[in-house]
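The file query37.tsv contains TSV, C-alpha atoms:
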```tsv
chain	number	residue	atom	x	y	z
A	1	MET	CA	0.00	0.00	0.00
A	2	ALA	CA	1.42	3.42	-0.96
A	3	GLN	CA	1.88	5.92	1.82
A	4	ALA	CA	1.19	9.65	1.77
A	5	LYS	CA	4.06	11.55	3.37
A	6	SER	CA	4.43	15.06	4.70
A	7	TYR	CA	7.44	16.93	6.01
A	8	SER	CA	7.64	19.05	9.15
A	9	ASP	CA	10.61	20.76	10.76
A	10	SER	CA	9.34	21.65	14.24
A	11	ARG	CA	9.21	19.26	17.20
A	12	LEU	CA	5.78	20.40	18.38
A	13	GLU	CA	4.38	20.36	14.87
A	14	SER	CA	5.92	16.96	14.29
A	15	ARG	CA	4.42	15.54	17.46
A	16	GLY	CA	0.99	16.97	16.67
A	17	ALA	CA	1.22	15.72	13.10
A	18	GLN	CA	2.21	12.25	14.34
A	19	ILE	CA	-0.73	12.11	16.75
A	20	ALA	CA	-3.09	13.07	13.92
A	21	ALA	CA	-1.48	10.57	11.53
A	22	ASP	CA	-1.81	7.79	14.10
A	23	GLU	CA	-5.51	8.57	14.60
A	24	ILE	CA	-6.16	8.73	10.86
A	25	ASN	CA	-4.15	5.57	10.17
A	26	ALA	CA	-6.05	3.71	12.92
A	27	LYS	CA	-9.21	4.45	10.92
A	28	GLY	CA	-7.75	3.18	7.66
A	29	GLY	CA	-5.74	6.17	6.48
A	30	VAL	CA	-6.77	8.53	3.70
A	31	MET	CA	-8.44	6.79	0.79
A	32	GLY	CA	-6.84	3.58	2.02
A	33	ARG	CA	-3.35	5.08	2.25
A	34	LYS	CA	-1.42	5.30	5.51
A	35	ILE	CA	0.09	8.66	6.45
A	36	GLU	CA	3.79	8.77	7.30
A	37	ILE	CA	5.38	11.82	8.92
A	38	VAL	CA	8.96	12.59	7.82
A	39	THR	CA	10.97	15.12	9.84
A	40	TYR	CA	14.28	16.90	9.40
A	41	ASP	CA	16.23	19.28	11.62
A	42	ASN	CA	16.60	22.46	9.58
A	43	LYS	CA	18.64	24.13	12.36
A	44	SER	CA	16.46	27.24	11.76
A	45	SER	CA	18.56	27.83	8.66
A	46	SER	CA	17.22	28.83	5.27
A	47	ALA	CA	19.96	26.88	3.48
A	48	ASP	CA	19.37	23.73	5.55
A	49	SER	CA	15.63	24.12	5.02
A	50	VAL	CA	16.01	24.30	1.26
A	51	ARG	CA	18.19	21.16	1.29
A	52	ALA	CA	15.64	19.37	3.51
A	53	PHE	CA	12.78	20.51	1.26
A	54	GLN	CA	14.55	19.22	-1.84
A	55	ARG	CA	15.33	15.89	-0.13
A	56	ALA	CA	11.75	15.55	1.14
A	57	VAL	CA	10.39	16.05	-2.37
A	58	SER	CA	12.94	14.13	-4.43
A	59	GLU	CA	14.01	11.30	-2.13
A	60	ASP	CA	11.20	10.86	0.38
A	61	LYS	CA	8.45	11.64	-2.13
A	62	VAL	CA	6.33	13.60	0.35
A	63	SER	CA	2.87	14.86	-0.53
A	64	ALA	CA	3.16	18.17	1.35
A	65	VAL	CA	5.59	20.17	3.46
A	66	ILE	CA	4.75	21.80	6.78
A	67	ALA	CA	7.43	24.46	7.12
A	68	SER	CA	8.91	26.76	9.68
A	69	TYR	CA	7.64	29.56	11.90
A	70	ILE	CA	10.61	31.59	10.67
A	71	SER	CA	9.64	33.95	7.84
A	72	GLU	CA	13.11	33.94	6.26
A	73	VAL	CA	12.98	30.16	6.00
A	74	VAL	CA	9.53	30.19	4.40
A	75	LEU	CA	10.58	32.92	1.97
A	76	ALA	CA	13.54	30.74	0.94
A	77	LEU	CA	11.23	27.73	0.44
A	78	GLU	CA	8.44	29.53	-1.42
A	79	PRO	CA	10.19	29.55	-4.83
A	80	TRP	CA	11.03	25.87	-4.41
A	81	ALA	CA	7.41	25.02	-3.65
A	82	SER	CA	6.48	26.74	-6.89
A	83	ARG	CA	9.28	25.14	-8.90
A	84	LEU	CA	8.56	21.63	-7.61
A	85	LYS	CA	4.76	22.08	-7.42
A	86	MET	CA	4.78	20.98	-3.79
A	87	PRO	CA	2.23	22.25	-1.26
A	88	LEU	CA	4.05	24.31	1.39
A	89	ILE	CA	2.17	25.12	4.58
A	90	THR	CA	3.51	27.63	7.07
A	91	PRO	CA	1.71	27.54	10.41
A	92	GLY	CA	3.38	30.57	11.93
A	93	ALA	CA	5.63	32.70	9.73
A	94	ALA	CA	4.28	36.26	9.77
A	95	SER	CA	6.06	38.05	6.92
A	96	ASN	CA	3.77	40.06	4.68
A	97	GLU	CA	5.99	39.04	1.75
A	98	ILE	CA	4.79	35.43	1.89
A	99	THR	CA	1.20	36.41	1.23
A	100	LYS	CA	2.17	39.19	-1.20
A	101	ALA	CA	3.93	36.67	-3.42
A	102	VAL	CA	0.79	34.53	-3.58
A	103	HIS	CA	-1.41	37.58	-4.19
A	104	ASN	CA	0.85	39.10	-6.86
A	105	ASP	CA	1.30	35.88	-8.85
A	106	TYR	CA	-1.20	33.30	-7.71
A	107	GLU	CA	-0.62	30.91	-10.61
A	108	LYS	CA	3.08	30.69	-9.77
A	109	ASN	CA	2.77	30.69	-5.96
A	110	LYS	CA	-0.46	28.78	-5.46
A	111	TYR	CA	1.42	26.01	-3.67
A	112	THR	CA	2.13	28.20	-0.63
A	113	PHE	CA	-0.43	28.20	2.18
A	114	HIS	CA	0.04	30.87	4.84
A	115	GLY	CA	-1.84	29.72	7.92
A	116	TYR	CA	-1.07	32.65	10.19
A	117	LEU	CA	-1.75	36.35	10.47
A	118	THR	CA	0.75	38.54	8.65
A	119	SER	CA	2.80	41.11	10.52
A	120	ALA	CA	0.61	43.87	9.11
A	121	ALA	CA	-2.57	42.13	10.28
A	122	GLN	CA	-1.12	41.61	13.75
A	123	ALA	CA	-0.07	45.27	13.97
A	124	GLN	CA	-3.56	46.38	12.91
A	125	LEU	CA	-5.15	44.21	15.60
A	126	VAL	CA	-2.90	45.75	18.25
A	127	CYS	CA	-3.73	49.27	17.07
A	128	ASP	CA	-7.45	48.49	17.04
A	129	ALA	CA	-7.40	47.00	20.54
```
As structure tokens, please, write out the structure in this file.
Amino acid sequence: MAQAKSYSDSRLESRGAQIAADEINAKGGVMGRKIEIVTYDNKSSSADSVRAFQRAVSEDKVSAVIASYISEVVLALEPWASRLKMPLITPGAASNEITKAVHNDYEKNKYTFHGYLTSAAQAQLVCDA
């Protein structure tokens, strides 16, 4: 049976992803496929993150990448997600530039999913409080 794989570089994210994968796999997986979580230590480095991303896609054949909370890392990965047509999910990076890239060229950057408020949105919330 083929396995769907995802990549995560944070210990808490990895643990949460593993708990979810275990629950999903206990119920038969997704469309009959088991989920496998693959993790790498990116050392909070953009260069190490790019190498890990490339390895995850080319060697480990992941289905998606859950990336860093560090905006610089996500900005380094965003062009690779586009180039390799690999979904890239950032659960916490706040740079406005991540979302701007998707907005300015959706067709190219549609593989990036920014799951957190941007810096500008956070600043506006503070000012409005």
task = Using atom CA of Thr90 of chain A and atom CA of Glu78 of chain A as the two end points, give the distance in Å to one decimal.
result =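 Here the two named atoms are 10.0 Å from each other.
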Distance criterion (all atoms listed in the file): nearest to Ile70 of chain A out of A:Gln124, A:Ser45, A:Gln54, A:Thr39 =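 For Ile70 of chain A, the nearest of the given residues is A:Ser45.
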task = Between A:Leu75, A:Ala52, A:Ala64, A:Met86, single out the one closest to Ile98 of chain A, counting only C-alpha atoms.
result =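 Counting only C-alpha atoms, the residue closest to Ile98 of chain A is A:Leu75.
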inquiry  = What's the separation between atom CA of Glu72 of chain A and atom CA of Phe53 of chain A, in Å to one decimal place?
reply    =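 Separation of atom CA of Glu72 of chain A and atom CA of Phe53 of chain A: 14.3 Å.
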inquiry  = What does the structure give for the distance between atom CA of Tyr40 of chain A and atom CA of Ile19 of chain A, in Å to one decimal?
reply    =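 Pair atom CA of Tyr40 of chain A / atom CA of Ile19 of chain A returns 17.4 Å.
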request  = Excluding Val65 of chain A and any residue of its chain fewer than 5 positions from it, enumerate the residues within 12 Å of it, using all atoms listed in the file, and give them as a ChimeraX atom specification.
outcome  = /A:4-10,13-14,17,37-40,49-50,52-57,60,74,77-78,80-81,84-91,111-113
query = Using all atoms listed in the file, which of the listed residues (A:Cys127, A:Val102, A:Ala93, A:Ile35) sits closest to Ser71 of chain A?
reply = A:Ala93
ask   = From the list A:Ala67, A:Ala21, A:Ala94, A:Val62, which residue is nearest Asp41 of chain A when using all atoms listed in the file?
value =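 Ranking A:Ala67, A:Ala21, A:Ala94, A:Val62 by distance to Asp41 of chain A, first place goes to A:Ala67.
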